[in-house]
>>> print(open('final.cif').read())   # mmCIF, C-alpha atoms and all ligand atoms
data_final
loop_
_atom_site.label_atom_id
_atom_site.label_comp_id
_atom_site.auth_asym_id
_atom_site.auth_seq_id
_atom_site.Cartn_x
_atom_site.Cartn_y
_atom_site.Cartn_z
CA MET A 1 46.01 144.15 59.63
CA LYS A 2 46.16 147.80 58.60
CA CYS A 3 44.04 149.81 56.19
CA LYS A 4 45.74 149.84 52.80
CA VAL A 5 44.89 153.53 52.37
CA CYS A 6 45.50 155.22 55.74
CA ARG A 7 47.38 152.53 57.75
CA GLU A 8 44.86 152.75 60.60
CA HIS A 9 43.43 149.55 62.09
CA ALA A 10 41.56 147.57 59.39
CA VAL A 11 38.02 146.32 60.14
CA VAL A 12 37.49 144.44 56.86
CA ASP A 13 39.88 142.10 55.12
CA VAL A 14 39.25 141.60 51.39
CA ARG A 15 41.37 138.55 50.66
CA ARG A 16 40.97 138.48 46.89
CA HIS A 17 42.35 142.03 46.72
CA ASN A 18 44.89 141.15 49.42
CA ALA A 19 43.86 144.33 51.23
CA GLY A 20 42.44 145.52 54.54
CA PHE A 21 40.33 148.62 55.00
CA CYS A 22 39.24 150.84 57.91
CA ARG A 23 35.52 151.65 58.04
CA ASP A 24 35.62 154.84 55.97
CA HIS A 25 37.97 153.49 53.33
CA PHE A 26 35.97 150.27 52.99
CA VAL A 27 32.82 152.32 52.36
CA LYS A 28 34.76 154.35 49.80
CA HIS A 29 36.16 151.15 48.25
CA ILE A 30 32.60 149.82 47.73
CA HIS A 31 31.42 153.16 46.31
CA ASP A 32 34.36 153.16 43.89
CA GLN A 33 33.79 149.54 42.83
CA VAL A 34 30.10 150.18 42.14
CA ALA A 35 30.82 153.49 40.33
CA ARG A 36 33.35 151.68 38.15
CA THR A 37 30.83 148.90 37.35
CA ILE A 38 28.17 151.47 36.38
CA LYS A 39 30.67 153.19 34.07
CA ASP A 40 32.30 150.07 32.56
CA PHE A 41 28.98 148.46 31.65
CA LYS A 42 27.28 151.76 30.69
CA MET A 43 24.46 151.06 33.14
CA PHE A 44 22.86 154.50 33.59
CA SER A 45 23.53 158.21 33.99
CA PRO A 46 22.54 160.81 36.61
CA ASP A 47 19.61 161.88 34.38
CA ASP A 48 17.98 158.45 34.53
CA ARG A 49 15.09 157.65 36.86
CA ILE A 50 16.09 154.46 38.65
CA LEU A 51 13.86 151.93 40.40
CA VAL A 52 15.63 149.63 42.87
CA ALA A 53 13.98 146.28 43.65
CA VAL A 54 14.26 146.13 47.45
CA SER A 55 13.72 142.91 49.43
CA GLY A 56 14.84 144.23 52.82
CA GLY A 57 17.98 142.07 52.65
CA LYS A 58 21.58 143.30 52.71
CA ASP A 59 22.25 143.36 48.97
CA SER A 60 19.22 145.34 47.82
CA LEU A 61 19.51 147.85 50.68
CA ALA A 62 23.27 148.15 50.08
CA VAL A 63 22.88 148.85 46.36
CA TRP A 64 20.14 151.40 47.05
CA ASP A 65 22.34 153.05 49.70
CA VAL A 66 25.36 153.25 47.38
CA LEU A 67 23.27 154.76 44.56
CA LEU A 68 21.82 157.39 46.90
CA ASP A 69 25.30 158.18 48.28
CA LEU A 70 26.60 158.56 44.71
CA GLY A 71 23.80 161.06 44.02
CA TYR A 72 21.58 159.02 41.71
CA ASP A 73 17.79 159.48 41.53
CA ALA A 74 16.89 156.07 43.00
CA THR A 75 13.44 155.05 44.26
CA GLY A 76 12.87 151.76 46.10
CA PHE A 77 10.25 149.19 45.15
CA TYR A 78 9.11 146.58 47.65
CA LEU A 79 6.88 143.71 46.56
CA GLY A 80 5.02 141.88 49.35
CA LEU A 81 5.09 138.14 48.61
CA GLY A 82 2.87 137.10 51.52
CA ILE A 83 5.39 134.66 53.03
CA GLY A 84 4.11 135.06 56.60
CA GLY A 85 6.25 136.77 59.23
CA TYR A 86 9.27 136.74 56.92
CA SER A 87 7.50 139.09 54.50
CA ASP A 88 6.31 141.35 57.36
CA ARG A 89 9.84 141.70 58.72
CA SER A 90 11.42 142.24 55.31
CA LYS A 91 8.90 145.00 54.55
CA ASP A 92 9.63 146.63 57.93
CA ALA A 93 13.35 146.71 57.05
CA ALA A 94 12.68 148.33 53.65
CA VAL A 95 10.28 150.91 55.13
CA ALA A 96 12.62 151.74 58.04
CA TYR A 97 15.53 152.29 55.66
CA ALA A 98 13.48 154.54 53.36
CA GLU A 99 12.34 156.63 56.35
CA ALA A 100 15.84 156.93 57.79
CA LYS A 101 17.23 158.06 54.42
CA ASP A 102 14.17 160.13 53.48
CA ALA A 103 14.04 158.10 50.25
CA LYS A 104 10.98 157.27 48.15
CA LEU A 105 9.65 153.71 48.42
CA ILE A 106 6.83 152.17 46.39
CA VAL A 107 5.08 149.25 48.12
CA ARG A 108 2.82 146.73 46.36
CA THR A 109 1.70 143.23 47.33
CA LEU A 110 0.95 140.19 45.19
CA ALA A 111 -2.23 139.63 47.21
CA GLU A 112 -3.59 143.08 46.34
CA GLU A 113 -2.34 143.14 42.76
CA HIS A 114 -3.27 139.59 41.75
CA GLY A 115 -5.19 137.86 44.54
CA TYR A 116 -2.63 135.30 45.74
CA THR A 117 0.52 134.96 47.86
CA VAL A 118 3.67 133.00 46.94
CA PRO A 119 2.80 130.01 49.21
CA GLU A 120 -0.75 129.93 47.78
CA LEU A 121 0.56 130.12 44.23
CA ALA A 122 2.86 127.14 44.86
CA LYS A 123 -0.02 125.06 46.27
CA LEU A 124 -2.47 126.04 43.53
CA THR A 125 -0.13 125.43 40.59
CA GLY A 126 1.87 122.53 42.05
CA ARG A 127 5.12 124.29 41.12
CA VAL A 128 8.04 124.81 43.51
CA PRO A 129 7.66 128.13 45.37
CA CYS A 130 10.91 129.65 44.01
CA SER A 131 9.83 129.29 40.39
CA GLY A 132 6.44 130.99 40.83
CA CYS A 133 8.06 133.61 43.05
CA GLY A 134 10.78 134.38 40.50
CA LEU A 135 8.25 134.64 37.66
CA ASN A 136 6.03 137.02 39.67
CA LYS A 137 8.92 139.17 40.87
CA ARG A 138 10.38 139.61 37.38
CA TYR A 139 6.92 140.47 36.05
CA GLU A 140 5.96 142.88 38.83
CA PHE A 141 9.33 144.68 38.95
CA ASN A 142 9.12 145.31 35.22
CA ARG A 143 5.45 146.33 35.33
CA ALA A 144 6.02 148.77 38.22
CA ALA A 145 9.00 150.33 36.43
CA LEU A 146 7.02 150.83 33.20
CA GLU A 147 3.86 152.09 34.92
CA GLU A 148 5.70 154.54 37.15
CA GLY A 149 7.90 155.89 34.33
CA PHE A 150 11.33 154.61 35.35
CA ASP A 151 14.18 154.21 32.84
CA ILE A 152 16.18 151.60 34.72
CA LEU A 153 15.49 148.67 37.03
CA VAL A 154 18.28 147.86 39.49
CA THR A 155 18.57 144.57 41.35
CA GLY A 156 20.98 143.70 44.18
CA HIS A 157 22.51 140.57 42.58
CA ASN A 158 26.08 140.30 43.87
CA LEU A 159 29.15 138.45 42.60
CA ASP A 160 28.21 135.27 44.51
CA ASP A 161 24.71 135.27 42.99
CA GLU A 162 26.07 135.68 39.47
CA VAL A 163 28.74 133.00 39.91
CA ALA A 164 26.17 130.54 41.33
CA THR A 165 23.88 131.19 38.34
CA LEU A 166 26.79 130.82 35.94
CA PHE A 167 27.88 127.60 37.64
CA GLY A 168 24.36 126.16 37.32
CA ASN A 169 24.10 127.21 33.68
CA VAL A 170 27.43 125.55 32.92
CA LEU A 171 26.55 122.35 34.84
CA HIS A 172 23.46 121.98 32.69
CA TRP A 173 24.91 123.62 29.57
CA ASN A 174 21.97 126.03 29.34
CA THR A 175 23.53 127.73 26.35
CA ASP A 176 20.59 130.10 25.77
CA MET A 177 20.87 131.23 29.42
CA LEU A 178 24.63 131.63 29.03
CA ALA A 179 23.97 133.84 26.02
CA ARG A 180 21.79 136.10 28.13
CA GLN A 181 23.69 136.16 31.43
CA ALA A 182 25.06 139.70 31.67
CA PRO A 183 25.20 142.60 34.15
CA VAL A 184 23.00 144.60 31.76
CA LEU A 185 19.86 143.53 29.90
CA GLU A 186 18.92 146.22 27.41
CA GLU A 187 15.34 147.45 27.16
CA ARG A 188 13.08 145.69 24.71
CA VAL A 189 10.62 147.46 22.44
CA ILE A 190 7.70 146.03 20.48
CA GLY A 191 6.32 148.50 17.95
CA ARG A 192 6.41 151.79 19.83
CA ASP A 193 6.11 150.38 23.32
CA THR A 194 8.89 149.56 25.72
CA VAL A 195 7.90 146.13 27.03
CA PHE A 196 11.02 145.39 29.08
CA VAL A 197 12.75 148.16 30.95
CA LYS A 198 16.58 148.10 31.00
CA LYS A 199 17.78 145.92 33.90
CA VAL A 200 21.16 146.27 35.57
CA LYS A 201 23.15 144.70 38.42
CA PRO A 202 25.59 147.24 39.87
CA LEU A 203 26.85 144.86 42.60
CA VAL A 204 28.39 142.23 40.28
CA ARG A 205 31.85 143.23 41.47
CA ILE A 206 30.88 142.98 45.16
CA ALA A 207 31.05 139.62 46.97
CA GLU A 208 28.30 138.62 49.38
CA ARG A 209 30.42 139.08 52.51
CA GLU A 210 31.46 142.52 51.27
CA SER A 211 27.88 143.70 50.83
CA ALA A 212 27.09 142.33 54.31
CA ALA A 213 30.10 144.20 55.74
CA TYR A 214 29.04 147.36 53.92
CA ALA A 215 25.48 147.18 55.31
CA LEU A 216 26.83 146.53 58.80
CA LEU A 217 29.37 149.37 58.71
CA LYS A 218 26.76 151.80 57.33
CA GLY A 219 24.36 150.87 60.14
CA ILE A 220 21.72 149.54 57.71
CA ASP A 221 19.22 147.40 59.59
CA TYR A 222 18.58 144.63 57.05
CA ILE A 223 16.68 141.38 57.49
CA VAL A 224 19.21 138.63 58.20
CA GLU A 225 16.90 135.63 58.07
CA GLU A 226 16.57 133.87 54.74
CA CYS A 227 13.32 133.18 52.99
CA PRO A 228 11.83 130.08 54.71
CA MET A 229 10.83 128.65 51.31
CA VAL A 230 14.33 128.31 49.79
CA GLU A 231 15.09 124.99 51.48
CA GLY A 232 16.70 122.63 49.00
CA ASN A 233 17.18 125.48 46.52
CA THR A 234 19.91 124.42 44.07
CA GLN A 235 21.34 127.95 43.91
CA HIS A 236 22.21 127.54 47.60
CA ARG A 237 24.18 124.35 46.99
CA TYR A 238 26.13 126.00 44.19
CA LYS A 239 27.00 128.90 46.47
CA GLU A 240 28.30 126.53 49.13
CA ALA A 241 30.46 124.68 46.59
CA ILE A 242 31.91 127.90 45.21
CA THR A 243 32.58 129.25 48.69
CA LEU A 244 34.78 126.20 49.35
CA LEU A 245 36.79 126.93 46.19
CA GLU A 246 37.03 130.64 47.07
CA GLU A 247 38.34 129.86 50.56
CA ALA A 248 41.10 127.67 49.11
CA SER A 249 42.05 130.23 46.46
CA PRO A 250 40.72 133.75 46.93
CA GLY A 251 39.77 135.38 43.63
CA THR A 252 38.21 132.26 42.10
CA LYS A 253 34.72 133.76 41.92
CA GLN A 254 35.86 137.00 40.38
CA GLN A 255 38.03 135.16 37.86
CA MET A 256 35.22 132.80 36.88
CA TYR A 257 32.61 135.54 36.39
CA PHE A 258 34.68 138.25 34.73
CA GLY A 259 36.58 135.63 32.69
CA PHE A 260 33.21 134.38 31.47
CA LEU A 261 32.05 137.88 30.48
CA LYS A 262 35.27 138.58 28.60
CA LYS A 263 36.17 135.27 27.02
CA ALA A 264 33.14 132.99 26.93
CA ALA A 265 29.96 135.09 26.79
CA PRO A 266 30.65 136.37 23.23
CA LYS A 267 30.97 132.76 22.05
CA PHE A 268 27.44 131.98 23.25
CA ALA A 269 25.87 135.08 21.71
CA GLY A 270 24.52 133.07 18.76
CA GLU A 271 22.83 130.59 21.13
CA ALA A 272 20.23 133.08 22.33
CA ASP A 273 16.70 131.98 21.67
CA ASP A 274 15.76 134.17 18.70
CA ALA A 275 12.14 133.04 18.39
CA GLU A 276 9.80 135.82 17.33
CA VAL A 277 8.59 137.88 20.29
CA VAL A 278 5.08 139.36 20.29
CA ALA A 279 2.92 141.16 22.86
CA CYS A 280 0.79 139.02 25.21
CA SER A 281 -2.86 139.41 24.19
CA GLU A 282 -3.88 139.99 27.81
CA CYS A 283 -1.22 142.20 29.35
CA GLY A 284 1.09 143.29 26.51
CA ALA A 285 4.21 141.69 28.01
CA PRO A 286 6.55 140.08 25.47
CA THR A 287 6.08 136.39 24.79
CA ILE A 288 7.03 133.83 22.15
CA ALA A 289 4.72 133.68 19.14
CA HIS A 290 3.03 130.33 18.40
CA GLU A 291 1.46 129.68 15.02
CA GLY A 292 -2.35 129.90 15.16
CA ARG A 293 -2.60 130.61 18.89
CA GLU A 294 -3.39 133.77 20.83
CA PRO A 295 -0.12 134.92 22.36
CA ARG A 296 -0.26 134.65 26.14
CA CYS A 297 2.71 135.17 28.44
CA SER A 298 3.70 132.66 31.12
CA PHE A 299 2.73 135.09 33.87
CA CYS A 300 -0.85 135.41 32.57
CA LYS A 301 -1.09 131.62 32.08
CA THR A 302 0.13 130.90 35.62
CA LYS A 303 -2.12 133.56 37.13
CA ALA A 304 -5.19 132.26 35.27
CA LEU A 305 -4.46 128.68 36.38
CA ALA A 306 -3.99 129.73 40.02
CA LEU A 307 -7.18 131.81 40.14
CA LYS A 308 -9.20 129.09 38.39
CA ARG A 309 -8.09 126.46 40.94
CA LYS A 310 -8.64 128.89 43.80
CA ASP A 311 -12.20 129.38 42.55
CA GLU A 312 -12.79 125.63 42.26
CA ARG A 313 -11.72 125.12 45.88
CA ARG A 314 -14.22 127.62 47.23
ZN ZN A 401 41.65 153.81 56.09
ZN ZN A 402 0.49 138.47 29.84
#
>>> encode(input="final.cif", output="structure tokens")
Amino acid sequence: MKCKVCREHAVVDVRRHNAGFCRDHFVKHIHDQVARTIKDFKMFSPDDRILVAVSGGKDSLAVWDVLLDLGYDATGFYLGLGIGGYSDRSKDAAVAYAEAKDAKLIVRTLAEEHGYTVPELAKLTGRVPCSGCGLNKRYEFNRAALEEGFDILVTGHNLDDEVATLFGNVLHWNTDMLARQAPVLEERVIGRDTVFVKKVKPLVRIAERESAAYALLKGIDYIVEECPMVEGNTQHRYKEAITLLEEASPGTKQQMYFGFLKKAAPKFAGEADDAEVVACSECGAPTIAHEGREPRCSFCKTKALALKRKDERR
């Protein structure tokens, strides 16, 4: 196969575009696809201060790399989850990348910030690790962005991630989730305070194997191993199912996701949970108001439960 641009030997074959690319033109192709996504969805501008949630994996390092190459002011944020050697190695990958690129990286850990790790949290609360982990990551990414004065929070969710989420939301007809599933979540303000920073996903047009190829061709040393706690994760099963469909007819994923955004998402807009949102009495994060009760967000509730049980076990 030859590169569709220069006719040199192709190193990557993108079947859904029916095109091959040499190294340099593949890198340019990814840059162009991401630039187009940023523009089409009005994600951010060169004046914005951007915080990139970095896990040390291929997607988050790839999106950070593309933003830096495109000239954006992008700082990395690594959150240590305390998942043994996996967390150590993922942090090493994030730190090594930041040093190699001379990019700014903020590092925090759940243990230092809140007094527990993800495995401890799962044991203490009796919830599956992925749910406590997701709750803490969303909370900490947002908190770091607000505290450090960033306008935008970027995550490395790729096309496969978004399709798997969409697939799960459709299987269970989570209509309120379908109403909110978008490449951009606008900032949220209560009174005069921004309580949720604007969140964007610039890789929604990039498939998982494309972001892996990009990282490889750019010489980015990312952590290949998966989190040891995801075993049995439903998102994984959805990805496997969709990959089978994609292999049989390339373009399925892209058609499902972008078809959803164009044709179906507007129809679910009215399904969004429009309960009144107030500030958590402990931390100020937005939470649903309940008649006659102090408003307390799910993060603060989970944290209080975990620390109480930890104390009891001493
Ligand atoms: Zn080429
Ligand atoms: Zn709270």
>>> residues_around(input="final.cif", residues="region 219-233 of chain A", least_positions_apart="4", cutoff="10 Å", atoms="all atoms listed in the file", output="VMD selection string")
chain A and resid 55 to 62 65 83 to 87 89 to 94 96 to 97 100 118 to 119 128 to 130 212 to 215 237 to 238
>>> residues_near_ligand(input="final.cif", ligand="ligand ZN 402 (chain A)", cutoff="7 Å", atoms="only C-alpha atoms and all ligand atoms", output="NGL selection string")
:A and (280-285 or 296-300)
>>> closest_atom_pairs(input="final.cif", of="chain A", to="ligand ZN 401 (chain A)", cutoff="9 Å", atoms="only C-alpha atoms and all ligand atoms", output="CSV")
residue,atom,partner,partner_atom,distance
A:Lys2,CA,A:ZN401,ZN,7.9
A:Cys3,CA,A:ZN401,ZN,4.7
A:Lys4,CA,A:ZN401,ZN,6.6
A:Val5,CA,A:ZN401,ZN,4.9
A:Cys6,CA,A:ZN401,ZN,4.1
A:Arg7,CA,A:ZN401,ZN,6.1
A:Glu8,CA,A:ZN401,ZN,5.6
A:His9,CA,A:ZN401,ZN,7.6
A:Ala10,CA,A:ZN401,ZN,7.1
A:Gly20,CA,A:ZN401,ZN,8.5
A:Phe21,CA,A:ZN401,ZN,5.5
A:Cys22,CA,A:ZN401,ZN,4.2
A:Arg23,CA,A:ZN401,ZN,6.8
A:Asp24,CA,A:ZN401,ZN,6.1
A:His25,CA,A:ZN401,ZN,4.6
A:Phe26,CA,A:ZN401,ZN,7.4
>>> atom_distance(input="final.cif", atom1="CA of Gly292 (chain A)", atom2="CA of Ala275 (chain A)")
15.2 Å
>>> closest_residue(input="final.cif", among="A:Val95, A:Leu70, A:Cys133, A:Val197", to="Leu51 (chain A)", atoms="all atoms listed in the file")
A:Val197
>>> residues_near_point(input="final.cif", point="(0.5, 137.6, 19.3)", cutoff="6 Å", atoms="only C-alpha atoms", output="list in words")
Val278, Ala279, Ala289, Glu294 and Pro295 of chain A
>>> atom_distance(input="final.cif", atom1="CA of Leu110 (chain A)", atom2="CA of Arg143 (chain A)")
12.5 Å
>>> residues_around(input="final.cif", residues="Ile106 (chain A)", least_positions_apart="2", cutoff="10 Å", atoms="only C-alpha atoms", output="mmCIF file with C-alpha atoms, in the frame of the given file")
data_model
loop_
_atom_site.group_PDB
_atom_site.id
_atom_site.type_symbol
_atom_site.label_atom_id
_atom_site.label_comp_id
_atom_site.auth_asym_id
_atom_site.auth_seq_id
_atom_site.Cartn_x
_atom_site.Cartn_y
_atom_site.Cartn_z
ATOM 1 C CA LEU A 51 13.860 151.930 40.400
ATOM 2 C CA VAL A 52 15.630 149.630 42.870
ATOM 3 C CA ALA A 53 13.980 146.280 43.650
ATOM 4 C CA VAL A 54 14.260 146.130 47.450
ATOM 5 C CA THR A 75 13.440 155.050 44.260
ATOM 6 C CA GLY A 76 12.870 151.760 46.100
ATOM 7 C CA PHE A 77 10.250 149.190 45.150
ATOM 8 C CA TYR A 78 9.110 146.580 47.650
ATOM 9 C CA LEU A 79 6.880 143.710 46.560
ATOM 10 C CA VAL A 95 10.280 150.910 55.130
ATOM 11 C CA ALA A 98 13.480 154.540 53.360
ATOM 12 C CA LYS A 104 10.980 157.270 48.150
ATOM 13 C CA ARG A 108 2.820 146.730 46.360
ATOM 14 C CA ALA A 144 6.020 148.770 38.220
ATOM 15 C CA GLU A 148 5.700 154.540 37.150
#
>>> atom_distance(input="final.cif", atom1="CA of Leu217 (chain A)", atom2="CA of Leu67 (chain A)")
16.3 Å
>>> closest_residue(input="final.cif", among="A:Ala248, A:Leu166, A:Asn158, A:Val107", to="Thr37 (chain A)", atoms="only C-alpha atoms")
A:Asn158
>>> residues_around(input="final.cif", residues="Met177 (chain A)", least_positions_apart="2", cutoff="12 Å", atoms="all atoms listed in the file", output="ChimeraX atom specification")
/A:165-175,179-182,265,268-273
>>> residues_around(input="final.cif", residues="Leu159 (chain A)", least_positions_apart="4", cutoff="7 Å", atoms="only C-alpha atoms", output="PyMOL selection string")
chain A and resi 163+203-208
>>> closest_residue(input="final.cif", among="A:Asp69, A:Glu147, A:Asp13, A:Asp160", to="Met256 (chain A)", atoms="all atoms listed in the file")
A:Asp160
>>> closest_residue(input="final.cif", among="A:Tyr116, A:Ile30, A:Asp47, A:Leu124", to="Arg313 (chain A)", atoms="all atoms listed in the file")
A:Leu124
